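Trainee: Structure incoming, see below.
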Amino acid sequence: MSAPDVDVLVIGAGPAGCAAAALVHRAGLRAAIVERERFPRFVIGESLLPRCMDVLDEAGLLAAVDSRGYIIKRGARFVRGAETCEFDFANQFTRGWSWTWQVPRDDFDAALAGAVEAMGVPIRFAHEVVAARTGDDLQELDVRGPGGELRTLRGRWLIDASGFGRVLPRLFGLDAPTGQPPRRAIFTHVVGDVRPPGPDEGRIWICIHPAGAWVWVIPFSDGRTSIGAVAPEPFWEGRWDDADLEGTLRRVIAEEPNVAERLAGATSVMPTRALRSYSTAVRQLHGPGYCLVGNATEFLDPVFSSGVTLALESASLAARTVIRQLRGERPDWAAEYAAPMHRGTDVFRTFVDAWYDGTLETIFFAPAIRDEFRRQICSVLAGYVWDEQNPFVARHHHRVRQLARLIEGGALAS
Ligand code: FAD
């Protein structure tokens, strides 16, 4: 049997792959990353949640991100016509970070990758994983290099952090139905966005379009702003033009007065892109010799900016479990990794479902809700979805529906 090249092979140098590799490296194991692209490369997913800060810190990556001077995100503003609902991460139930950053992902991911390399973890850029063989003790990846040359890399454990590349789900047939209806997203970067002045400048705006889409506005520190629109498939009928994505997005924005006003003088600085049916899921998060992290597992929906948080959290939890496994312990992967990841994802699932069926609109745009509830909901929106002390985590489905019913019944003055 061939000897492993490293202890842990990681597919993908996005946030999940970088954090996982950094954490196993810091535990004294040898890690290596294989990445298909050359960095910097574009990827969508630019608004972080405060919970990300804990994992970036744990992985030794916070200073590298801090040095990039990103704009600070202190909360979120939901907008419906003339109504607004503000969540301020300083006013939370869970003790945790009260702010985070808005990050252009080309720069952010390159900063993470640079920091991981500086720790001593090699990253093979422009190398694509094309086949994988896993087993109890030795995992093998067939990798195609930039000149088309094939080679096999070996490790004692394999972490698939390939995001929408979904390497192991594709190769091992692990895809599962998502339970989310198909939705489409269209997005670009602009300059010329007229932002609110002061500390609110970095807040994300989520604006509800009158015909059932929602539009994000995510400002960056370099003057660019990310904008995007998301909606279920029926919304796009008669609105979508494959030959003119920029015009498609411009027309949707023109129909939402708040974004239209902010972006009246804005111009696009990158080609408009689109993603269809972006929700994904898998049958299992781990198997003999491997585990899946980040978007290679499940992706629900971008509305609450939960993707990078779940990617980092899964990397942290998986790394802890891999470290125990390779130290000769017998971790219970189902209980120690899969179950907590499903619990956190399920909290966001409740919120995503309640967003699209209108339940959260009832709550967000209620004339007044008790500050206690606002703080508990804010902690979910900040990514603290593992705090079982929070009733909106522990009994998420029940609490969200119950609060909406109370509001509809007029029982909840503040
Ligand atoms: P990625 O960041 O996708 O990294 C995976 C890496 O694996 C890539 O670099 C890729 O090149 C590499 N790879 C793929 N295949 C191979 C292969 N065969 N061999 C080698 N390498 C490979 N999340 C947020 O937190 N905030 C947001 O505001 C947000 N907005 C979003 C908007 C939309 C429309 C969508 C669809 C998603 C959004 N997300 C957001 C989610 C976010 O994009 C992802 O959750 C996040 O990027 C996942 O990180 P990751 O490390 O798992 O994967």
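Residue names in the structure tokens use chain letters A, B, ... in the order shown, residue numbers from 1 in each chain, and ligand numbers from 1 in the order shown.
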Residues of range 176-314 of chain A classed as alpha helix (DSSP H) by DSSP on the backbone are to be reported as a list in words.
Mentor: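 These are the residues in question: Glu233, Pro234, Phe235, Trp236, Leu245, Glu246, Gly247, Thr248, Leu249, Arg250, Arg251, Val252, Ile253, Ala254, Pro257, Asn258, Val259, Ala260, Glu261, Arg262, Gly307, Val308, Thr309, Leu310, Ala311, Leu312, Glu313 and Ser314 of chain A.
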Trainee: Please report as a Markdown table every residue of range 326-403 of chain A lying within 12 Å of range 61-74 of chain A, along with the nearest atom pair and their distance in Å (one decimal), using only C-alpha atoms.
Mentor:
| residue | atom | partner | partner_atom | distance |
| --- | --- | --- | --- | --- |
| A:Cys378 | CA | A:Arg74 | CA | 11.4 |
| A:Leu381 | CA | A:Arg74 | CA | 11.6 |
| A:Ala382 | CA | A:Arg74 | CA | 9.8 |
Trainee: Can you list every residue of range 168-188 of chain A that has an atom at most 12 Å from range 130-136 of chain A, with its nearest atom pair and the distance in Å to one decimal, using only C-alpha atoms, ordered by chain then number, as CSV?
Mentor:
residue,atom,partner,partner_atom,distance
A:Leu168,CA,A:Ala132,CA,7.5
A:Pro169,CA,A:Ala132,CA,11.0
A:Arg170,CA,A:Ala131,CA,10.0
A:Leu171,CA,A:Ala131,CA,7.1
A:Phe172,CA,A:Ala132,CA,8.7
Trainee: What are the closest atom pairs, with distances in Å to one decimal, for all residues of chain A lying within 7 Å of ligand 1? Consider only C-alpha atoms and all ligand atoms, order rows by chain and residue number, and present the result as CSV.
Mentor:
residue,atom,partner,partner_atom_place_in_ligand_line,distance
A:Ile11,CA,ligand 1,20 (C),5.2
A:Gly12,CA,ligand 1,7 (O),3.3
A:Ala13,CA,ligand 1,9 (O),5.1
A:Gly14,CA,ligand 1,4 (O),3.5
A:Pro15,CA,ligand 1,51 (O),4.0
A:Ala16,CA,ligand 1,51 (O),3.7
A:Gly17,CA,ligand 1,51 (O),5.6
A:Val34,CA,ligand 1,20 (C),5.3
A:Glu35,CA,ligand 1,21 (N),3.7
A:Arg36,CA,ligand 1,21 (N),3.8
A:Glu37,CA,ligand 1,11 (O),4.9
A:Val43,CA,ligand 1,2 (O),6.5
A:Ile44,CA,ligand 1,43 (O),4.8
A:Gly45,CA,ligand 1,29 (C),3.1
A:Glu46,CA,ligand 1,28 (O),4.4
A:Ser47,CA,ligand 1,28 (O),3.8
A:Leu48,CA,ligand 1,25 (O),5.0
A:Leu49,CA,ligand 1,25 (O),6.9
A:His127,CA,ligand 1,20 (C),6.0
A:Glu128,CA,ligand 1,19 (N),3.7
A:Val129,CA,ligand 1,19 (N),3.9
A:Val130,CA,ligand 1,18 (N),5.9
A:Ala161,CA,ligand 1,52 (O),5.4
A:Ser162,CA,ligand 1,7 (O),3.4
A:Gly163,CA,ligand 1,53 (O),3.4
A:Phe164,CA,ligand 1,3 (O),5.4
A:Gly165,CA,ligand 1,15 (N),3.7
A:Arg166,CA,ligand 1,15 (N),6.4
A:Val167,CA,ligand 1,18 (N),5.5
A:Ala185,CA,ligand 1,34 (C),5.1
A:Ile186,CA,ligand 1,34 (C),7.0
A:Leu275,CA,ligand 1,36 (C),6.4
A:Tyr278,CA,ligand 1,36 (C),5.4
A:Val293,CA,ligand 1,52 (O),6.4
A:Gly294,CA,ligand 1,52 (O),3.4
A:Asn295,CA,ligand 1,52 (O),3.8
A:Ala296,CA,ligand 1,52 (O),5.9
A:Phe299,CA,ligand 1,45 (O),6.6
A:Asp301,CA,ligand 1,37 (C),6.7
A:Pro302,CA,ligand 1,31 (C),4.4
A:Ser305,CA,ligand 1,26 (N),3.6
A:Ser306,CA,ligand 1,25 (O),4.6
A:Gly307,CA,ligand 1,45 (O),3.1
A:Val308,CA,ligand 1,25 (O),3.5
A:Thr309,CA,ligand 1,25 (O),5.6
A:Ala311,CA,ligand 1,52 (O),5.0
Trainee: Near Ile159 in chain A, within 7 Å and counting only C-alpha atoms, which residues show up once chain neighbours fewer than 6 positions away are dropped, as number ranges by chain?
Mentor: A: 9-11, 290-292
Trainee: Pull the strand (DSSP E or B) assignments for range 224-313 of chain A out of DSSP run on the backbone, and list those residues as a VMD selection string.
Mentor: chain A and resid 224 to 232 267 to 268 273 to 276 280 282 286 to 287 290 to 292 299
Trainee: List the neighbours of Val252 in chain A out to 9 Å using only C-alpha atoms; skip same-chain residues closer than 2 positions along the sequence, and give me the result as a compact mmCIF listing (two decimals) with N, CA and C atoms, in the first residue's frame.
Mentor:
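Writing done, so here's out.txt:
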# COMPACT_ATOMS: atom_id res chain seq x y z
N HIS A 209 -39.32 43.26 -2.96
CA HIS A 209 -39.86 43.75 -4.23
C HIS A 209 -41.39 43.55 -4.21
N ALA A 213 -40.06 39.22 -5.22
CA ALA A 213 -38.61 38.97 -5.16
C ALA A 213 -38.05 39.68 -3.94
N VAL A 215 -34.27 41.92 -2.88
CA VAL A 215 -33.06 42.49 -3.48
C VAL A 215 -32.06 42.76 -2.36
N ALA A 229 -30.74 40.12 -6.96
CA ALA A 229 -32.18 39.87 -6.77
C ALA A 229 -32.41 38.36 -6.79
N ARG A 239 -39.89 38.34 -17.27
CA ARG A 239 -38.92 39.35 -16.82
C ARG A 239 -37.49 38.99 -17.21
N GLY A 247 -29.73 44.02 -18.09
CA GLY A 247 -31.03 44.68 -18.23
C GLY A 247 -32.08 44.01 -17.36
N THR A 248 -32.01 42.67 -17.24
CA THR A 248 -32.96 41.94 -16.39
C THR A 248 -32.86 42.44 -14.96
N LEU A 249 -31.65 42.53 -14.45
CA LEU A 249 -31.46 42.98 -13.07
C LEU A 249 -31.86 44.45 -12.93
N ARG A 250 -31.49 45.26 -13.92
CA ARG A 250 -31.81 46.71 -13.85
C ARG A 250 -33.32 46.92 -13.77
N ALA A 254 -35.43 48.65 -10.74
CA ALA A 254 -36.23 49.86 -11.00
C ALA A 254 -37.62 49.75 -10.37
N GLU A 255 -38.07 48.50 -10.16
CA GLU A 255 -39.42 48.30 -9.59
C GLU A 255 -39.44 48.33 -8.06
N GLU A 256 -38.26 48.39 -7.42
CA GLU A 256 -38.21 48.44 -5.95
C GLU A 256 -37.70 49.83 -5.58
Trainee: Using only C-alpha atoms, find the one residue out of A:Val385, A:Ala27, A:Val303, A:Ala339 that sits nearest to Ile323 in chain A.
Mentor: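 Comparing A:Val385, A:Ala27, A:Val303, A:Ala339 against Ile323 in chain A, the winner is A:Ala27.
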Trainee: Between A:Val217, A:Val116, A:Met341, A:Cys85, which one has atoms that come closest to Leu56 in chain A, using only C-alpha atoms?
Mentor: A:Val116
Trainee: Pick the closest to Gln92 in chain A from A:Phe187, A:Trp216, A:Trp386, A:Phe373: which is it, counting only C-alpha atoms?
Mentor: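 For Gln92 in chain A, the nearest of the candidates is A:Phe373.
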